[in-house]
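> This is the content of protein_16.pdb (PDB, C-alpha atoms, pLDDT in the B column):
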ATOM      1  CA  MET A   1       2.760   1.243  -9.252  1.00 39.00           C
ATOM      2  CA  LEU A   2       6.290   0.406 -10.268  1.00 37.00           C
ATOM      3  CA  GLU A   3       5.303  -3.236 -10.663  1.00 39.00           C
ATOM      4  CA  HIS A   4       2.500  -2.033 -12.883  1.00 38.00           C
ATOM      5  CA  GLY A   5       4.892  -0.925 -15.595  1.00 32.00           C
ATOM      6  CA  LEU A   6       4.686   2.797 -14.831  1.00 31.00           C
ATOM      7  CA  GLN A   7       7.351   5.157 -16.087  1.00 30.00           C
ATOM      8  CA  LEU A   8      10.099   5.379 -13.459  1.00 30.00           C
ATOM      9  CA  VAL A   9      10.435   9.138 -13.701  1.00 30.00           C
ATOM     10  CA  ASN A  10       9.603  12.330 -11.811  1.00 35.00           C
ATOM     11  CA  LEU A  11      10.293  10.734  -8.431  1.00 33.00           C
ATOM     12  CA  THR A  12      12.497  13.500  -7.066  1.00 34.00           C
ATOM     13  CA  THR A  13      11.739  16.868  -5.534  1.00 37.00           C
ATOM     14  CA  ASP A  14       8.136  17.027  -6.733  1.00 45.00           C
ATOM     15  CA  ASN A  15       7.367  13.713  -5.045  1.00 46.00           C
ATOM     16  CA  ASP A  16       9.034  14.847  -1.830  1.00 45.00           C
ATOM     17  CA  ASN A  17       6.701  17.823  -1.883  1.00 54.00           C
ATOM     18  CA  ASP A  18       3.760  15.501  -2.554  1.00 53.00           C
ATOM     19  CA  VAL A  19       4.615  13.456   0.539  1.00 53.00           C
ATOM     20  CA  ASP A  20       4.893  16.616   2.643  1.00 58.00           C
ATOM     21  CA  ARG A  21       1.469  17.684   1.406  1.00 69.00           C
ATOM     22  CA  ASP A  22       0.073  14.227   2.205  1.00 69.00           C
ATOM     23  CA  VAL A  23       1.230  14.637   5.802  1.00 71.00           C
ATOM     24  CA  GLU A  24      -0.324  18.110   5.950  1.00 79.00           C
ATOM     25  CA  VAL A  25      -3.664  16.807   4.663  1.00 84.00           C
ATOM     26  CA  MET A  26      -3.590  13.879   7.123  1.00 79.00           C
ATOM     27  CA  ASN A  27      -3.081  16.388   9.928  1.00 77.00           C
ATOM     28  CA  LYS A  28      -6.064  18.390   8.717  1.00 83.00           C
ATOM     29  CA  ILE A  29      -8.286  15.311   8.574  1.00 81.00           C
ATOM     30  CA  LYS A  30      -7.126  14.336  12.083  1.00 76.00           C
ATOM     31  CA  ALA A  31      -8.064  17.827  13.323  1.00 79.00           C
ATOM     32  CA  LEU A  32     -11.454  17.499  11.639  1.00 80.00           C
ATOM     33  CA  ILE A  33     -12.082  14.158  13.379  1.00 76.00           C
ATOM     34  CA  GLU A  34     -11.161  15.695  16.735  1.00 74.00           C
ATOM     35  CA  LYS A  35     -13.177  18.883  16.203  1.00 77.00           C
ATOM     36  CA  HIS A  36     -16.370  17.020  15.404  1.00 75.00           C
ATOM     37  CA  GLN A  37     -15.612  14.237  17.924  1.00 71.00           C
ATOM     38  CA  LEU A  38     -16.228  11.581  15.284  1.00 73.00           C
ATOM     39  CA  GLU A  39     -16.546   8.045  16.614  1.00 73.00           C
ATOM     40  CA  ALA A  40     -16.785   4.512  15.251  1.00 74.00           C
ATOM     41  CA  GLY A  41     -19.215   4.369  12.349  1.00 77.00           C
ATOM     42  CA  ASP A  42     -19.319   8.122  11.796  1.00 83.00           C
ATOM     43  CA  LYS A  43     -18.959   9.134   8.178  1.00 87.00           C
ATOM     44  CA  LEU A  44     -16.353  11.531   6.802  1.00 86.00           C
ATOM     45  CA  PRO A  45     -17.502  14.175   4.321  1.00 88.00           C
ATOM     46  CA  SER A  46     -17.146  13.268   0.647  1.00 88.00           C
ATOM     47  CA  GLU A  47     -13.855  13.827  -1.178  1.00 88.00           C
ATOM     48  CA  ARG A  48     -15.339  16.879  -2.861  1.00 90.00           C
ATOM     49  CA  LYS A  49     -16.517  18.420   0.410  1.00 91.00           C
ATOM     50  CA  LEU A  50     -13.233  17.629   2.165  1.00 90.00           C
ATOM     51  CA  SER A  51     -11.358  19.179  -0.741  1.00 90.00           C
ATOM     52  CA  GLU A  52     -13.385  22.376  -0.446  1.00 91.00           C
ATOM     53  CA  LYS A  53     -13.304  22.460   3.354  1.00 88.00           C
ATOM     54  CA  LEU A  54      -9.557  21.862   3.655  1.00 88.00           C
ATOM     55  CA  SER A  55      -8.608  23.869   0.555  1.00 89.00           C
ATOM     56  CA  VAL A  56      -6.633  21.061  -1.050  1.00 89.00           C
ATOM     57  CA  SER A  57      -7.051  19.034  -4.226  1.00 89.00           C
ATOM     58  CA  ARG A  58      -9.174  15.895  -4.414  1.00 89.00           C
ATOM     59  CA  ASN A  59      -6.045  13.931  -5.343  1.00 87.00           C
ATOM     60  CA  GLN A  60      -4.464  14.995  -2.044  1.00 87.00           C
ATOM     61  CA  ILE A  61      -7.617  14.025  -0.149  1.00 88.00           C
ATOM     62  CA  ARG A  62      -7.633  10.648  -1.896  1.00 86.00           C
ATOM     63  CA  ALA A  63      -3.962  10.031  -1.038  1.00 83.00           C
ATOM     64  CA  ALA A  64      -4.493  10.877   2.642  1.00 83.00           C
ATOM     65  CA  ILE A  65      -7.585   8.660   2.844  1.00 84.00           C
ATOM     66  CA  GLN A  66      -5.649   5.770   1.277  1.00 80.00           C
ATOM     67  CA  LYS A  67      -2.999   6.028   3.987  1.00 77.00           C
ATOM     68  CA  LEU A  68      -5.538   6.339   6.793  1.00 79.00           C
ATOM     69  CA  GLU A  69      -7.389   3.341   5.395  1.00 78.00           C
ATOM     70  CA  PHE A  70      -4.175   1.329   5.245  1.00 72.00           C
ATOM     71  CA  TYR A  71      -3.553   2.005   8.941  1.00 69.00           C
ATOM     72  CA  GLY A  72      -7.105   0.991   9.787  1.00 71.00           C
ATOM     73  CA  ILE A  73      -8.131   4.433  11.043  1.00 75.00           C
ATOM     74  CA  ILE A  74     -10.884   4.762   8.457  1.00 81.00           C
ATOM     75  CA  LYS A  75     -12.611   2.315   6.139  1.00 82.00           C
ATOM     76  CA  THR A  76     -13.988   3.078   2.708  1.00 80.00           C
ATOM     77  CA  MET A  77     -17.330   1.417   2.107  1.00 78.00           C
ATOM     78  CA  PRO A  78     -18.665   0.880  -1.432  1.00 75.00           C
ATOM     79  CA  GLN A  79     -21.275   3.534  -2.264  1.00 73.00           C
ATOM     80  CA  SER A  80     -21.124   4.776   1.341  1.00 75.00           C
ATOM     81  CA  GLY A  81     -17.885   6.717   1.506  1.00 82.00           C
ATOM     82  CA  SER A  82     -15.300   6.704   4.295  1.00 85.00           C
ATOM     83  CA  VAL A  83     -16.223   5.954   7.897  1.00 84.00           C
ATOM     84  CA  ILE A  84     -14.285   5.960  11.162  1.00 80.00           C
ATOM     85  CA  THR A  85     -13.345   2.482  12.350  1.00 76.00           C
ATOM     86  CA  GLY A  86     -13.920   1.167  15.847  1.00 62.00           C
ATOM     87  CA  ILE A  87     -10.434   1.698  17.269  1.00 54.00           C
ATOM     88  CA  GLY A  88     -11.464   4.779  19.275  1.00 50.00           C
ATOM     89  CA  MET A  89     -10.128   8.336  19.446  1.00 49.00           C
ATOM     90  CA  PRO A  90      -7.257   7.664  21.914  1.00 49.00           C
ATOM     91  CA  SER A  91      -5.907   5.010  19.568  1.00 51.00           C
ATOM     92  CA  ILE A  92      -6.449   7.238  16.545  1.00 49.00           C
ATOM     93  CA  ASN A  93      -4.516  10.074  18.190  1.00 52.00           C
ATOM     94  CA  SER A  94      -1.677   7.758  19.166  1.00 52.00           C
ATOM     95  CA  MET A  95      -1.469   6.131  15.724  1.00 52.00           C
ATOM     96  CA  MET A  96      -1.674   9.444  13.902  1.00 52.00           C
ATOM     97  CA  THR A  97       1.141  10.864  16.012  1.00 53.00           C
ATOM     98  CA  ASP A  98       3.333   7.877  15.163  1.00 53.00           C
ATOM     99  CA  ILE A  99       2.481   8.090  11.468  1.00 51.00           C
ATOM    100  CA  LEU A 100       3.082  11.809  11.144  1.00 48.00           C
ATOM    101  CA  ASP A 101       6.340  11.674  13.122  1.00 51.00           C
ATOM    102  CA  LEU A 102       7.891   9.127  10.767  1.00 48.00           C
ATOM    103  CA  GLU A 103      10.903  10.491   8.960  1.00 47.00           C
ATOM    104  CA  LEU A 104      10.202  10.752   5.230  1.00 49.00           C
ATOM    105  CA  PRO A 105      12.998   8.895   3.398  1.00 54.00           C
ATOM    106  CA  ASP A 106      13.753   9.265  -0.294  1.00 67.00           C
ATOM    107  CA  PHE A 107      11.747   7.041  -2.587  1.00 73.00           C
ATOM    108  CA  ARG A 108      14.743   5.095  -3.895  1.00 78.00           C
ATOM    109  CA  SER A 109      15.581   4.054  -0.328  1.00 78.00           C
ATOM    110  CA  LEU A 110      12.020   2.897   0.243  1.00 78.00           C
ATOM    111  CA  VAL A 111      12.108   0.800  -2.919  1.00 82.00           C
ATOM    112  CA  GLU A 112      15.507  -0.702  -2.120  1.00 86.00           C
ATOM    113  CA  THR A 113      14.538  -1.556   1.449  1.00 86.00           C
ATOM    114  CA  ARG A 114      11.304  -3.116   0.288  1.00 88.00           C
ATOM    115  CA  VAL A 115      13.128  -5.361  -2.200  1.00 91.00           C
ATOM    116  CA  ILE A 116      15.626  -6.460   0.446  1.00 91.00           C
ATOM    117  CA  LEU A 117      12.908  -7.260   2.984  1.00 93.00           C
ATOM    118  CA  GLU A 118      10.600  -9.104   0.615  1.00 95.00           C
ATOM    119  CA  THR A 119      13.255 -11.220  -1.069  1.00 94.00           C
ATOM    120  CA  GLN A 120      14.316 -12.493   2.337  1.00 93.00           C
ATOM    121  CA  ALA A 121      10.795 -12.772   3.733  1.00 96.00           C
ATOM    122  CA  ILE A 122       9.450 -14.818   0.833  1.00 97.00           C
ATOM    123  CA  LYS A 123      11.939 -17.617   1.467  1.00 96.00           C
ATOM    124  CA  LEU A 124      10.772 -17.781   5.078  1.00 97.00           C
ATOM    125  CA  ALA A 125       7.140 -17.520   3.966  1.00 97.00           C
ATOM    126  CA  ALA A 126       7.447 -20.620   1.796  1.00 97.00           C
ATOM    127  CA  VAL A 127       8.774 -22.635   4.738  1.00 97.00           C
ATOM    128  CA  ARG A 128       6.979 -21.170   7.747  1.00 97.00           C
ATOM    129  CA  HIS A 129       3.529 -20.021   6.638  1.00 97.00           C
ATOM    130  CA  SER A 130       0.584 -21.115   8.748  1.00 96.00           C
ATOM    131  CA  GLU A 131      -2.880 -21.996   7.446  1.00 96.00           C
ATOM    132  CA  GLU A 132      -4.113 -18.651   8.708  1.00 96.00           C
ATOM    133  CA  SER A 133      -1.378 -16.541   7.104  1.00 97.00           C
ATOM    134  CA  LEU A 134      -1.653 -18.457   3.818  1.00 97.00           C
ATOM    135  CA  LYS A 135      -5.395 -17.876   3.801  1.00 97.00           C
ATOM    136  CA  GLY A 136      -4.734 -14.169   4.300  1.00 96.00           C
ATOM    137  CA  LEU A 137      -2.358 -14.177   1.328  1.00 97.00           C
ATOM    138  CA  GLU A 138      -4.901 -15.977  -0.854  1.00 97.00           C
ATOM    139  CA  GLU A 139      -7.606 -13.491   0.106  1.00 96.00           C
ATOM    140  CA  ALA A 140      -5.300 -10.554  -0.628  1.00 95.00           C
ATOM    141  CA  GLN A 141      -4.596 -11.956  -4.088  1.00 96.00           C
ATOM    142  CA  LEU A 142      -8.310 -12.445  -4.763  1.00 96.00           C
ATOM    143  CA  ASP A 143      -8.946  -8.811  -3.776  1.00 94.00           C
ATOM    144  CA  PHE A 144      -6.148  -7.642  -6.079  1.00 92.00           C
ATOM    145  CA  GLN A 145      -7.387  -9.845  -8.916  1.00 93.00           C
ATOM    146  CA  GLU A 146     -10.940  -8.532  -8.558  1.00 93.00           C
ATOM    147  CA  LYS A 147      -9.737  -4.938  -8.865  1.00 89.00           C
ATOM    148  CA  ILE A 148      -7.589  -5.794 -11.880  1.00 87.00           C
ATOM    149  CA  LEU A 149     -10.368  -7.648 -13.697  1.00 87.00           C
ATOM    150  CA  ASN A 150     -12.773  -4.773 -13.050  1.00 87.00           C
ATOM    151  CA  GLY A 151     -10.251  -2.251 -14.365  1.00 83.00           C
ATOM    152  CA  GLU A 152     -10.196  -0.424 -11.011  1.00 82.00           C
ATOM    153  CA  PRO A 153      -7.236   1.187  -9.184  1.00 76.00           C
ATOM    154  CA  SER A 154      -5.411  -1.545  -7.251  1.00 80.00           C
ATOM    155  CA  VAL A 155      -2.505   0.144  -5.434  1.00 79.00           C
ATOM    156  CA  ILE A 156      -3.822  -0.654  -1.960  1.00 82.00           C
ATOM    157  CA  GLU A 157      -4.721  -4.256  -2.836  1.00 88.00           C
ATOM    158  CA  ASP A 158      -1.352  -4.842  -4.515  1.00 87.00           C
ATOM    159  CA  LEU A 159       0.616  -3.631  -1.515  1.00 86.00           C
ATOM    160  CA  LYS A 160      -1.629  -5.577   0.857  1.00 90.00           C
ATOM    161  CA  PHE A 161      -0.736  -8.701  -1.124  1.00 94.00           C
ATOM    162  CA  HIS A 162       2.945  -7.972  -0.588  1.00 93.00           C
ATOM    163  CA  LEU A 163       2.342  -7.259   3.088  1.00 93.00           C
ATOM    164  CA  ALA A 164       0.606 -10.629   3.335  1.00 96.00           C
ATOM    165  CA  ILE A 165       3.709 -12.304   1.877  1.00 97.00           C
ATOM    166  CA  VAL A 166       5.800 -10.871   4.684  1.00 96.00           C
ATOM    167  CA  LYS A 167       3.099 -11.863   7.178  1.00 96.00           C
ATOM    168  CA  CYS A 168       3.534 -15.463   5.964  1.00 97.00           C
ATOM    169  CA  SER A 169       7.188 -15.317   7.044  1.00 96.00           C
ATOM    170  CA  GLU A 170       5.912 -15.426  10.644  1.00 95.00           C
ATOM    171  CA  ASN A 171       8.581 -12.858  11.516  1.00 94.00           C
ATOM    172  CA  THR A 172       6.928  -9.997  13.384  1.00 90.00           C
ATOM    173  CA  VAL A 173       9.920  -7.676  13.040  1.00 88.00           C
ATOM    174  CA  LEU A 174      10.057  -8.025   9.244  1.00 91.00           C
ATOM    175  CA  TYR A 175       6.299  -7.485   9.138  1.00 90.00           C
ATOM    176  CA  GLY A 176       6.545  -4.390  11.323  1.00 84.00           C
ATOM    177  CA  LEU A 177       9.277  -2.903   9.132  1.00 85.00           C
ATOM    178  CA  MET A 178       7.245  -3.571   6.014  1.00 88.00           C
ATOM    179  CA  LYS A 179       4.221  -1.802   7.516  1.00 82.00           C
ATOM    180  CA  ILE A 180       6.377   1.291   8.005  1.00 77.00           C
ATOM    181  CA  ILE A 181       7.659   1.236   4.438  1.00 80.00           C
ATOM    182  CA  VAL A 182       4.437   0.565   2.515  1.00 77.00           C
ATOM    183  CA  PRO A 183       2.508   3.779   3.334  1.00 69.00           C
ATOM    184  CA  GLY A 184       5.433   5.838   2.041  1.00 67.00           C
ATOM    185  CA  ILE A 185       5.223   3.948  -1.224  1.00 70.00           C
ATOM    186  CA  ILE A 186       1.469   4.499  -1.392  1.00 64.00           C
ATOM    187  CA  GLY A 187       2.117   8.227  -1.041  1.00 57.00           C
ATOM    188  CA  HIS A 188       4.137   8.265  -4.239  1.00 60.00           C
ATOM    189  CA  PHE A 189       1.315   6.645  -6.174  1.00 54.00           C
ATOM    190  CA  ASN A 190      -1.492   8.886  -4.961  1.00 44.00           C
ATOM    191  CA  LYS A 191      -2.419   9.918  -8.466  1.00 41.00           C
ATOM    192  CA  GLU A 192      -4.287   7.152 -10.256  1.00 37.00           C
ATOM    193  CA  HIS A 193      -1.893   5.895 -12.901  1.00 44.00           C
ATOM    194  CA  ILE A 194      -3.619   2.882 -14.412  1.00 39.00           C
ATOM    195  CA  CYS A 195      -1.569   0.341 -16.298  1.00 45.00           C
ATOM    196  CA  ASP A 196      -2.769  -1.029 -19.611  1.00 48.00           C
ATOM    197  CA  ARG A 197      -4.855  -4.178 -19.712  1.00 52.00           C
ATOM    198  CA  SER A 198      -2.086  -6.508 -20.922  1.00 57.00           C
ATOM    199  CA  GLU A 199       0.274  -5.349 -18.167  1.00 73.00           C
ATOM    200  CA  ALA A 200      -2.422  -5.887 -15.538  1.00 77.00           C
ATOM    201  CA  VAL A 201      -2.964  -9.450 -16.690  1.00 82.00           C
ATOM    202  CA  LYS A 202       0.795 -10.077 -16.627  1.00 87.00           C
ATOM    203  CA  LEU A 203       1.096  -8.796 -13.070  1.00 88.00           C
ATOM    204  CA  ASN A 204      -1.818 -10.919 -11.935  1.00 92.00           C
ATOM    205  CA  LYS A 205      -0.063 -13.989 -13.335  1.00 93.00           C
ATOM    206  CA  GLU A 206       3.124 -13.023 -11.492  1.00 95.00           C
ATOM    207  CA  HIS A 207       1.201 -12.745  -8.230  1.00 96.00           C
ATOM    208  CA  ASN A 208      -0.294 -16.179  -8.796  1.00 97.00           C
ATOM    209  CA  ALA A 209       3.177 -17.622  -9.486  1.00 97.00           C
ATOM    210  CA  ILE A 210       4.438 -16.172  -6.192  1.00 98.00           C
ATOM    211  CA  LEU A 211       1.436 -17.582  -4.353  1.00 98.00           C
ATOM    212  CA  LYS A 212       1.966 -20.989  -5.951  1.00 98.00           C
ATOM    213  CA  GLY A 213       5.595 -21.131  -4.805  1.00 97.00           C
ATOM    214  CA  ILE A 214       4.606 -20.333  -1.234  1.00 98.00           C
ATOM    215  CA  LYS A 215       1.741 -22.840  -1.239  1.00 97.00           C
ATOM    216  CA  ASN A 216       4.123 -25.508  -2.583  1.00 97.00           C
ATOM    217  CA  LYS A 217       6.502 -24.745   0.298  1.00 97.00           C
ATOM    218  CA  ASN A 218       9.221 -24.257  -2.288  1.00 97.00           C
ATOM    219  CA  PRO A 219      11.471 -21.293  -1.382  1.00 97.00           C
ATOM    220  CA  GLU A 220      13.410 -21.440  -4.660  1.00 97.00           C
ATOM    221  CA  GLU A 221      10.231 -21.391  -6.753  1.00 97.00           C
ATOM    222  CA  ALA A 222       8.745 -18.560  -4.703  1.00 97.00           C
ATOM    223  CA  LEU A 223      11.946 -16.480  -4.836  1.00 97.00           C
ATOM    224  CA  LYS A 224      12.288 -16.955  -8.592  1.00 97.00           C
ATOM    225  CA  ALA A 225       8.721 -15.744  -9.108  1.00 97.00           C
ATOM    226  CA  MET A 226       9.409 -12.738  -6.875  1.00 96.00           C
ATOM    227  CA  GLU A 227      12.603 -11.854  -8.752  1.00 95.00           C
ATOM    228  CA  ILE A 228      10.665 -11.801 -12.022  1.00 95.00           C
ATOM    229  CA  HIS A 229       7.999  -9.622 -10.406  1.00 93.00           C
ATOM    230  CA  PHE A 230      10.634  -7.211  -9.084  1.00 91.00           C
ATOM    231  CA  THR A 231      12.490  -6.748 -12.381  1.00 89.00           C
ATOM    232  CA  ALA A 232      11.337  -3.132 -12.836  1.00 81.00           C
ATOM    233  CA  LEU A 233      12.106  -2.286  -9.201  1.00 81.00           C
ATOM    234  CA  ARG A 234      15.648  -3.612  -9.464  1.00 85.00           C
ATOM    235  CA  GLU A 235      16.231  -1.697 -12.695  1.00 83.00           C
ATOM    236  CA  TYR A 236      15.041   1.473 -11.006  1.00 76.00           C
ATOM    237  CA  ILE A 237      17.382   0.992  -8.044  1.00 79.00           C
ATOM    238  CA  LYS A 238      20.380   0.593 -10.377  1.00 80.00           C
ATOM    239  CA  LYS A 239      19.681   3.867 -12.225  1.00 73.00           C
TER     240      LYS A 239
END
In structure tokens, write the structure found in this file.

Amino acid sequence: MLEHGLQLVNLTTDNDNDVDRDVEVMNKIKALIEKHQLEAGDKLPSERKLSEKLSVSRNQIRAAIQKLEFYGIIKTMPQSGSVITGIGMPSINSMMTDILDLELPDFRSLVETRVILETQAIKLAAVRHSEESLKGLEEAQLDFQEKILNGEPSVIEDLKFHLAIVKCSENTVLYGLMKIIVPGIIGHFNKEHICDRSEAVKLNKEHNAILKGIKNKNPEEALKAMEIHFTALREYIKK
């Protein structure tokens, strides 16, 4: 991820094509679910089998599954693979239509909009958060931290942490906008770029500083921690 110290390059035409391919693969997986009438608890084929069946790369399959998992359409179980969640086919069809109809903005716009939303939301989060939303933020950080400490890919967990920050703002419109933006960002990080160990530790500390500011109900402290965390994003926007 950008926060993970990745090179801020090659985010132009090739990435636009990657996003288009992600949408195509999501459509194919949706068709597969419909064709086989998969229901709650049913298991999707493995990444390898899906790759062969749909004639796309495993990276593309992985990217599509990440997005579908983010929306709650499927769930990836450790050592069990991906299964359909319990939301039902009518809901899946409706959600997939909404997802696939979203206009695909340029990546710079996604990044800029995300920064604007989160820097405003975090000030509200520090003042308004409920016990429930704060607990959700703490759990999201623990999930992210576990992935980092185990040296595993953490794109989904990282973005869920940031979603949880906006959730703490108790502003449903800001939260809804953020949910639209995040999957587009996930799409641009579908290949597993893993940051080095020292950078991972640094980012984990930054997350904890953000969490501390919110828990202390100190908007200035929380915003300062977020600004430090967003340094690379802001530099990218200016280029």
> Grab the CA of Val201 in chain A to CA of Gln145 in chain A distance for me, in Å with one decimal place.
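Separating CA of Val201 in chain A from CA of Gln145 in chain A is a distance of 9.0 Å.
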> For Lys28 in chain A, which of A:Met226, A:Leu163, A:Ala40, A:Val56 is the closest residue, counting all atoms listed in the file?
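Ranked by minimum distance to Lys28 in chain A, first place goes to A:Val56.
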> Starting from the displayed file, determine the output of the PyMOL selection byres ((chain A and resi 127-143) around 10) and express the residue list as a ChimeraX atom specification.
/A:122-126,144-148,154,156-171,204,207-208,211-212,214-219
> Just the selected residues (C-alpha atoms), exported as a PDB file, in the coordinates of the input, please.

ATOM      1  CA  ILE A 122       9.450 -14.818   0.833  1.00 97.00           C
ATOM      2  CA  LYS A 123      11.939 -17.617   1.467  1.00 96.00           C
ATOM      3  CA  LEU A 124      10.772 -17.781   5.078  1.00 97.00           C
ATOM      4  CA  ALA A 125       7.140 -17.520   3.966  1.00 97.00           C
ATOM      5  CA  ALA A 126       7.447 -20.620   1.796  1.00 97.00           C
ATOM      6  CA  PHE A 144      -6.148  -7.642  -6.079  1.00 92.00           C
ATOM      7  CA  GLN A 145      -7.387  -9.845  -8.916  1.00 93.00           C
ATOM      8  CA  GLU A 146     -10.940  -8.532  -8.558  1.00 93.00           C
ATOM      9  CA  LYS A 147      -9.737  -4.938  -8.865  1.00 89.00           C
ATOM     10  CA  ILE A 148      -7.589  -5.794 -11.880  1.00 87.00           C
ATOM     11  CA  SER A 154      -5.411  -1.545  -7.251  1.00 80.00           C
ATOM     12  CA  ILE A 156      -3.822  -0.654  -1.960  1.00 82.00           C
ATOM     13  CA  GLU A 157      -4.721  -4.256  -2.836  1.00 88.00           C
ATOM     14  CA  ASP A 158      -1.352  -4.842  -4.515  1.00 87.00           C
ATOM     15  CA  LEU A 159       0.616  -3.631  -1.515  1.00 86.00           C
ATOM     16  CA  LYS A 160      -1.629  -5.577   0.857  1.00 90.00           C
ATOM     17  CA  PHE A 161      -0.736  -8.701  -1.124  1.00 94.00           C
ATOM     18  CA  HIS A 162       2.945  -7.972  -0.588  1.00 93.00           C
ATOM     19  CA  LEU A 163       2.342  -7.259   3.088  1.00 93.00           C
ATOM     20  CA  ALA A 164       0.606 -10.629   3.335  1.00 96.00           C
ATOM     21  CA  ILE A 165       3.709 -12.304   1.877  1.00 97.00           C
ATOM     22  CA  VAL A 166       5.800 -10.871   4.684  1.00 96.00           C
ATOM     23  CA  LYS A 167       3.099 -11.863   7.178  1.00 96.00           C
ATOM     24  CA  CYS A 168       3.534 -15.463   5.964  1.00 97.00           C
ATOM     25  CA  SER A 169       7.188 -15.317   7.044  1.00 96.00           C
ATOM     26  CA  GLU A 170       5.912 -15.426  10.644  1.00 95.00           C
ATOM     27  CA  ASN A 171       8.581 -12.858  11.516  1.00 94.00           C
ATOM     28  CA  ASN A 204      -1.818 -10.919 -11.935  1.00 92.00           C
ATOM     29  CA  HIS A 207       1.201 -12.745  -8.230  1.00 96.00           C
ATOM     30  CA  ASN A 208      -0.294 -16.179  -8.796  1.00 97.00           C
ATOM     31  CA  LEU A 211       1.436 -17.582  -4.353  1.00 98.00           C
ATOM     32  CA  LYS A 212       1.966 -20.989  -5.951  1.00 98.00           C
ATOM     33  CA  ILE A 214       4.606 -20.333  -1.234  1.00 98.00           C
ATOM     34  CA  LYS A 215       1.741 -22.840  -1.239  1.00 97.00           C
ATOM     35  CA  ASN A 216       4.123 -25.508  -2.583  1.00 97.00           C
ATOM     36  CA  LYS A 217       6.502 -24.745   0.298  1.00 97.00           C
ATOM     37  CA  ASN A 218       9.221 -24.257  -2.288  1.00 97.00           C
ATOM     38  CA  PRO A 219      11.471 -21.293  -1.382  1.00 97.00           C
TER      39      PRO A 219
END
> I'd like the neighbourhood of Ile33 in chain A as an NGL selection string, where a residue qualifies if any of its atoms comes within 10 Å (using only C-alpha atoms), though same-chain residues fewer than 2 positions away should be ignored.
:A and (27-31 or 35-39 or 42-44 or 84 or 89 or 92-93)
> So how many Å separate CA of Ser46 in chain A and CA of Asn150 in chain A, to one decimal?
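Going from CA of Ser46 in chain A over to CA of Asn150 in chain A, I get 23.1 Å.
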> Give me the result of the PyMOL selection byres ((chain A and resi 238) around 12) on this file, residue by residue, as a list in words.
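In the shown coordinates, the PyMOL selection byres ((chain A and resi 238) around 12) covers Leu8, Arg108, Ser109, Val111, Glu112, Thr231, Ala232, Leu233, Arg234, Glu235, Tyr236, Ile237 and Lys239 of chain A.
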> Go through A:Lys179, A:Ala222, A:Ser57, A:Glu152 one by one, measure the shortest atom-to-atom distance of each to Gly72 in chain A using only C-alpha atoms, and give the residue with the smallest value.
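Ranked by minimum distance to Gly72 in chain A, first place goes to A:Lys179.
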> Work out how far CA of Ile185 in chain A is from CA of Met26 in chain A, in Å to one decimal.
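The value is 15.7 Å.
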> Determine the residue membership of the PyMOL selection byres ((chain A and resi 76) around 12) for the file above and supply it as a PyMOL selection string.
chain A and resi 41-47+62+65-70+72-75+77-85+156
